[in-house]
Amino acid sequence: MRQIIAGNWKMFGQLSGVTAYAEAIRTAPPHVDVIICPPFTLLDRFATALHGSPVALGAQDCHATTQGAHTGDISAPQIAETGAKYVILGHSERRADHGETNADVHAKTLAALAAGLIPIVCVGETEAQRDAGEAEHVVRTQLTHSLPENFAGVVAYEPVWAIGTGRTPTESDVTAMHAAIRAALVAQLGSAGKTTAILYGGSVKPNNAASLLSLPEVGGALVGGASLKPEDLLAIAAAAPQD
Ligand code: PEP
């Protein structure tokens, strides 16, 4: 399967930087699917700047309902209207900053699917949970309660302690967790779970991308900090193995 390299800009970036970034990222290698997930305010400008390019757009969250009295929130249909095709859901920063639960992520995932968006659902353990030997249990529980029966999207395994820290799990820990996620997806979703892409996220950089992306059941990367520089995201994309 083609690998997916998704850039999560978090709350960085301004309109003035979009055109130059989009021009640079258009040169992404054709053997991977590249997705840029900027803040909501940049989606429309990005959609124009990326017109005609294979690079796809995504948002970083959506509300669980289509419209209503929810000040400050954005719905999945509103995201789809910008031309975005993906939405990141349940990122650990949303779970920590906004108290999002697995039930919230489940409801948002249903909303995204109903709007025709492809959800990228994030799961991952904290350092304390890993130290306590609970990492796989935590991630399995997140999957069970975050993914609806009709899930058709992408899963991103992001150990919380690896996000933005420069630290990554060992190759054998990534391999073990991705195998556990694959088994959980097949048990939960049946044959659809066999092909669900499982991204790794957490301090992916140009210098570690090739080894992380070559591990079994790693279907690509969710990239935070390094995605802000197009040359770094391009280097990560170039490091992804071919089909
Ligand atoms: C992320 O924000 O999803 C992420 C993985 O961040 P970073 O690559 O900066 O660790």
# chains A, B, ... in the order shown; residues from 1 in each chain; ligands from 1

$ residues_around --residues "Thr41 of chain A" --least-positions-apart "2" --cutoff "12 Å" --atoms "only C-alpha atoms" --output "PyMOL selection string"
chain A and resi 9-16+18+37-39+43-47+59-60+74+78-79+82

$ residues_near_ligand --ligand "ligand 1" --cutoff "10 Å" --atoms "only C-alpha atoms and all ligand atoms" --output "PyMOL selection string"
chain A and resi 6-10+60+88+91-93+122+156-168+200-205+221-228

$ write_last_selection --atoms "N, CA and C atoms" --output "short mmCIF file (atom, residue, chain, number, x, y, z; two decimals), in the first residue's frame"
data_model
loop_
_atom_site.label_atom_id
_atom_site.label_comp_id
_atom_site.auth_asym_id
_atom_site.auth_seq_id
_atom_site.Cartn_x
_atom_site.Cartn_y
_atom_site.Cartn_z
N ALA A 6 1.44 12.66 6.61
CA ALA A 6 0.51 13.74 6.96
C ALA A 6 1.22 14.75 7.86
N GLY A 7 1.14 16.01 7.49
CA GLY A 7 1.76 17.07 8.29
C GLY A 7 0.71 17.75 9.16
N ASN A 8 0.96 17.78 10.46
CA ASN A 8 0.06 18.46 11.40
C ASN A 8 0.71 19.76 11.84
N TRP A 9 0.17 20.86 11.34
CA TRP A 9 0.77 22.17 11.65
C TRP A 9 0.43 22.66 13.04
N LYS A 10 -0.52 21.98 13.71
CA LYS A 10 -0.99 22.45 15.03
C LYS A 10 -1.39 23.93 14.92
N GLN A 60 -7.73 19.64 11.71
CA GLN A 60 -7.13 19.06 12.92
C GLN A 60 -8.16 18.64 13.96
N ILE A 88 -7.90 15.16 11.34
CA ILE A 88 -7.26 14.50 12.47
C ILE A 88 -8.24 14.54 13.64
N HIS A 91 -6.35 13.77 18.65
CA HIS A 91 -4.93 14.02 18.90
C HIS A 91 -4.72 14.17 20.41
N SER A 92 -3.60 13.73 20.92
CA SER A 92 -3.39 13.75 22.38
C SER A 92 -3.44 15.18 22.93
N GLU A 93 -3.09 16.17 22.07
CA GLU A 93 -3.18 17.56 22.55
C GLU A 93 -4.65 17.97 22.73
N CYS A 122 -6.20 9.38 16.28
CA CYS A 122 -4.93 9.22 17.02
C CYS A 122 -5.14 8.46 18.32
N ALA A 156 -3.55 6.65 13.68
CA ALA A 156 -2.18 7.13 13.93
C ALA A 156 -1.79 6.74 15.35
N TYR A 157 -0.73 5.94 15.45
CA TYR A 157 -0.20 5.60 16.78
C TYR A 157 0.82 6.67 17.17
N GLU A 158 0.51 7.43 18.19
CA GLU A 158 1.38 8.52 18.63
C GLU A 158 1.61 8.41 20.14
N PRO A 159 2.71 7.80 20.57
CA PRO A 159 2.98 7.78 22.00
C PRO A 159 3.10 9.22 22.49
N VAL A 160 2.35 9.57 23.51
CA VAL A 160 2.25 10.97 23.94
C VAL A 160 3.64 11.52 24.30
N TRP A 161 4.45 10.67 24.90
CA TRP A 161 5.77 11.11 25.38
C TRP A 161 6.76 11.31 24.24
N ALA A 162 6.40 10.92 23.04
CA ALA A 162 7.30 11.10 21.89
C ALA A 162 6.94 12.33 21.07
N ILE A 163 5.79 12.95 21.38
CA ILE A 163 5.33 14.08 20.56
C ILE A 163 6.08 15.36 20.96
N GLY A 164 6.80 15.91 20.01
CA GLY A 164 7.49 17.18 20.23
C GLY A 164 8.67 17.10 21.18
N THR A 165 9.11 15.90 21.51
CA THR A 165 10.18 15.75 22.50
C THR A 165 11.53 15.36 21.89
N GLY A 166 11.52 14.93 20.63
CA GLY A 166 12.76 14.42 20.03
C GLY A 166 13.03 12.98 20.43
N ARG A 167 12.15 12.40 21.25
CA ARG A 167 12.34 11.00 21.64
C ARG A 167 11.42 10.11 20.82
N THR A 168 11.89 8.91 20.50
CA THR A 168 11.03 7.96 19.79
C THR A 168 11.12 6.60 20.49
N TYR A 200 2.69 6.03 12.11
CA TYR A 200 3.43 6.30 13.35
C TYR A 200 3.60 7.81 13.47
N GLY A 201 3.43 8.35 14.68
CA GLY A 201 3.69 9.77 14.90
C GLY A 201 4.41 9.99 16.21
N GLY A 202 5.30 10.97 16.23
CA GLY A 202 6.06 11.29 17.44
C GLY A 202 7.51 11.49 17.08
N SER A 203 7.88 12.79 16.88
CA SER A 203 9.27 13.15 16.60
C SER A 203 9.83 12.47 15.36
N VAL A 204 9.00 12.33 14.32
CA VAL A 204 9.54 11.86 13.03
C VAL A 204 10.27 13.02 12.37
N LYS A 205 11.50 12.77 11.97
CA LYS A 205 12.37 13.79 11.36
C LYS A 205 13.01 13.18 10.12
N ALA A 221 3.47 8.28 8.24
CA ALA A 221 3.79 9.06 9.44
C ALA A 221 2.85 10.24 9.59
N LEU A 222 2.56 10.56 10.85
CA LEU A 222 1.91 11.83 11.18
C LEU A 222 3.02 12.69 11.78
N VAL A 223 3.27 13.83 11.14
CA VAL A 223 4.46 14.62 11.45
C VAL A 223 4.05 15.99 11.96
N GLY A 224 4.50 16.35 13.14
CA GLY A 224 4.18 17.66 13.69
C GLY A 224 5.23 18.69 13.31
N GLY A 225 6.14 18.96 14.24
CA GLY A 225 7.13 20.02 14.07
C GLY A 225 7.83 20.03 12.71
N ALA A 226 8.27 18.86 12.25
CA ALA A 226 9.04 18.82 11.01
C ALA A 226 8.20 19.17 9.78
N SER A 227 6.86 19.15 9.93
CA SER A 227 6.03 19.45 8.75
C SER A 227 5.97 20.94 8.46
N LEU A 228 6.45 21.75 9.39
CA LEU A 228 6.40 23.20 9.16
C LEU A 228 7.42 23.66 8.13
#

$ residues_around --residues "Thr48 of chain A" --least-positions-apart "6" --cutoff "12 Å" --atoms "only C-alpha atoms" --output "ChimeraX atom specification"
/A:15,18-19,22-23,42,55-57,82-84

$ residues_around --residues "segment 144-155 of chain A" --least-positions-apart "6" --cutoff "7 Å" --atoms "only C-alpha atoms" --output "PyMOL selection string"
chain A and resi 102-103+105-106+110+118-122+189+196-199

$ closest_residue --among "A:Ala64, A:Leu89, A:Ala69, A:Ala187" --to "Ala107 of chain A" --atoms "only C-alpha atoms"
A:Ala64

$ residues_around --residues "Leu117 of chain A" --least-positions-apart "3" --cutoff "6 Å" --atoms "only C-alpha atoms" --output "list in words"
Lys85, Tyr86, Ala112 and Leu113 of chain A

$ closest_residue --among "A:Ser214, A:Arg140, A:Pro169, A:Phe40" --to "Arg182 of chain A" --atoms "only C-alpha atoms"
A:Arg140

$ atom_distance --atom1 "atom CA of Val34 of chain A" --atom2 "atom CA of Ala237 of chain A"
7.5 Å

$ select_by_dssp --residues "segment 104-153 of chain A" --states "helix (DSSP H, G or I)" --output "number ranges by chain"
A: 104-114, 127-131, 135-146

$ closest_residue --among "A:Gly219, A:Ala24, A:Glu100, A:Pro29" --to "Asp61 of chain A" --atoms "only C-alpha atoms"
A:Glu100

$ select_by_dssp --residues "chain A" --states "strand (DSSP E)" --output "MDAnalysis selection string"
chainID A and resid 3:8 32:37 56:59 86:89 118:123 154:157 197:201 220:223

$ closest_residue --among "A:Asp173, A:His137, A:Gly116, A:Thr27" --to "Ala80 of chain A" --atoms "only C-alpha atoms"
A:Gly116

$ atom_distance --atom1 "atom CA of Lys108 of chain A" --atom2 "atom CA of Ile5 of chain A"
22.2 Å

$ atom_distance --atom1 "atom CA of Gly90 of chain A" --atom2 "atom CA of Val32 of chain A"
23.9 Å

$ decode --residues "segment 132-153 of chain A" --atoms "N, CA, C and O atoms" --output "PDB file, in the first residue's frame"
ATOM      1  N   ALA A 132       4.313   1.537  33.216  1.00  0.00           N
ATOM      2  CA  ALA A 132       3.529   0.582  34.011  1.00  0.00           C
ATOM      3  C   ALA A 132       3.184  -0.678  33.210  1.00  0.00           C
ATOM      4  O   ALA A 132       2.449  -1.542  33.703  1.00  0.00           O
ATOM      5  N   GLY A 133       3.671  -0.751  31.971  1.00  0.00           N
ATOM      6  CA  GLY A 133       3.393  -1.943  31.154  1.00  0.00           C
ATOM      7  C   GLY A 133       1.982  -1.965  30.589  1.00  0.00           C
ATOM      8  O   GLY A 133       1.483  -3.014  30.184  1.00  0.00           O
ATOM      9  N   GLU A 134       1.350  -0.779  30.529  1.00  0.00           N
ATOM     10  CA  GLU A 134      -0.061  -0.736  30.108  1.00  0.00           C
ATOM     11  C   GLU A 134      -0.254  -0.210  28.693  1.00  0.00           C
ATOM     12  O   GLU A 134      -1.391   0.021  28.275  1.00  0.00           O
ATOM     13  N   ALA A 135       0.842   0.017  27.970  1.00  0.00           N
ATOM     14  CA  ALA A 135       0.727   0.729  26.687  1.00  0.00           C
ATOM     15  C   ALA A 135      -0.254   0.041  25.732  1.00  0.00           C
ATOM     16  O   ALA A 135      -1.157   0.690  25.192  1.00  0.00           O
ATOM     17  N   GLU A 136      -0.093  -1.266  25.532  1.00  0.00           N
ATOM     18  CA  GLU A 136      -0.961  -1.937  24.549  1.00  0.00           C
ATOM     19  C   GLU A 136      -2.413  -1.952  25.015  1.00  0.00           C
ATOM     20  O   GLU A 136      -3.333  -1.764  24.213  1.00  0.00           O
ATOM     21  N   HIS A 137      -2.608  -2.139  26.293  1.00  0.00           N
ATOM     22  CA  HIS A 137      -3.973  -2.157  26.827  1.00  0.00           C
ATOM     23  C   HIS A 137      -4.648  -0.793  26.611  1.00  0.00           C
ATOM     24  O   HIS A 137      -5.802  -0.707  26.185  1.00  0.00           O
ATOM     25  N   VAL A 138      -3.887   0.278  26.892  1.00  0.00           N
ATOM     26  CA  VAL A 138      -4.428   1.643  26.736  1.00  0.00           C
ATOM     27  C   VAL A 138      -4.818   1.886  25.281  1.00  0.00           C
ATOM     28  O   VAL A 138      -5.914   2.380  24.972  1.00  0.00           O
ATOM     29  N   VAL A 139      -3.936   1.518  24.380  1.00  0.00           N
ATOM     30  CA  VAL A 139      -4.190   1.777  22.953  1.00  0.00           C
ATOM     31  C   VAL A 139      -5.360   0.927  22.453  1.00  0.00           C
ATOM     32  O   VAL A 139      -6.224   1.415  21.713  1.00  0.00           O
ATOM     33  N   ARG A 140      -5.418  -0.323  22.885  1.00  0.00           N
ATOM     34  CA  ARG A 140      -6.552  -1.181  22.477  1.00  0.00           C
ATOM     35  C   ARG A 140      -7.874  -0.598  22.981  1.00  0.00           C
ATOM     36  O   ARG A 140      -8.867  -0.578  22.259  1.00  0.00           O
ATOM     37  N   THR A 141      -7.855  -0.098  24.208  1.00  0.00           N
ATOM     38  CA  THR A 141      -9.084   0.498  24.763  1.00  0.00           C
ATOM     39  C   THR A 141      -9.480   1.742  23.977  1.00  0.00           C
ATOM     40  O   THR A 141     -10.659   1.965  23.676  1.00  0.00           O
ATOM     41  N   GLN A 142      -8.490   2.566  23.618  1.00  0.00           N
ATOM     42  CA  GLN A 142      -8.792   3.762  22.821  1.00  0.00           C
ATOM     43  C   GLN A 142      -9.422   3.367  21.487  1.00  0.00           C
ATOM     44  O   GLN A 142     -10.396   3.984  21.047  1.00  0.00           O
ATOM     45  N   LEU A 143      -8.867   2.336  20.864  1.00  0.00           N
ATOM     46  CA  LEU A 143      -9.414   1.906  19.569  1.00  0.00           C
ATOM     47  C   LEU A 143     -10.846   1.396  19.732  1.00  0.00           C
ATOM     48  O   LEU A 143     -11.743   1.758  18.971  1.00  0.00           O
ATOM     49  N   THR A 144     -11.052   0.553  20.733  1.00  0.00           N
ATOM     50  CA  THR A 144     -12.387  -0.036  20.935  1.00  0.00           C
ATOM     51  C   THR A 144     -13.436   1.053  21.092  1.00  0.00           C
ATOM     52  O   THR A 144     -14.531   0.952  20.536  1.00  0.00           O
ATOM     53  N   HIS A 145     -13.097   2.094  21.845  1.00  0.00           N
ATOM     54  CA  HIS A 145     -14.123   3.083  22.171  1.00  0.00           C
ATOM     55  C   HIS A 145     -14.128   4.302  21.241  1.00  0.00           C
ATOM     56  O   HIS A 145     -15.062   5.099  21.275  1.00  0.00           O
ATOM     57  N   SER A 146     -13.082   4.469  20.430  1.00  0.00           N
ATOM     58  CA  SER A 146     -13.031   5.642  19.544  1.00  0.00           C
ATOM     59  C   SER A 146     -13.532   5.331  18.133  1.00  0.00           C
ATOM     60  O   SER A 146     -14.016   6.228  17.439  1.00  0.00           O
ATOM     61  N   LEU A 147     -13.376   4.078  17.698  1.00  0.00           N
ATOM     62  CA  LEU A 147     -13.711   3.767  16.301  1.00  0.00           C
ATOM     63  C   LEU A 147     -15.123   3.200  16.182  1.00  0.00           C
ATOM     64  O   LEU A 147     -15.458   2.215  16.840  1.00  0.00           O
ATOM     65  N   PRO A 148     -15.949   3.790  15.322  1.00  0.00           N
ATOM     66  CA  PRO A 148     -17.275   3.209  15.097  1.00  0.00           C
ATOM     67  C   PRO A 148     -17.168   1.956  14.222  1.00  0.00           C
ATOM     68  O   PRO A 148     -16.148   1.721  13.580  1.00  0.00           O
ATOM     69  N   GLU A 149     -18.254   1.184  14.190  1.00  0.00           N
ATOM     70  CA  GLU A 149     -18.287  -0.062  13.408  1.00  0.00           C
ATOM     71  C   GLU A 149     -17.985   0.161  11.932  1.00  0.00           C
ATOM     72  O   GLU A 149     -17.381  -0.673  11.273  1.00  0.00           O
ATOM     73  N   ASN A 150     -18.462   1.304  11.402  1.00  0.00           N
ATOM     74  CA  ASN A 150     -18.299   1.577   9.967  1.00  0.00           C
ATOM     75  C   ASN A 150     -17.020   2.368   9.681  1.00  0.00           C
ATOM     76  O   ASN A 150     -16.933   3.068   8.686  1.00  0.00           O
ATOM     77  N   PHE A 151     -16.036   2.254  10.574  1.00  0.00           N
ATOM     78  CA  PHE A 151     -14.817   3.063  10.409  1.00  0.00           C
ATOM     79  C   PHE A 151     -14.152   2.798   9.061  1.00  0.00           C
ATOM     80  O   PHE A 151     -13.869   1.659   8.697  1.00  0.00           O
ATOM     81  N   ALA A 152     -13.907   3.878   8.338  1.00  0.00           N
ATOM     82  CA  ALA A 152     -13.162   3.790   7.076  1.00  0.00           C
ATOM     83  C   ALA A 152     -12.211   4.978   7.105  1.00  0.00           C
ATOM     84  O   ALA A 152     -12.572   6.081   6.694  1.00  0.00           O
ATOM     85  N   GLY A 153     -11.055   4.775   7.648  1.00  0.00           N
ATOM     86  CA  GLY A 153     -10.121   5.883   7.794  1.00  0.00           C
ATOM     87  C   GLY A 153      -8.737   5.387   8.117  1.00  0.00           C
ATOM     88  O   GLY A 153      -8.350   4.277   7.740  1.00  0.00           O
TER      89      GLY A 153
END
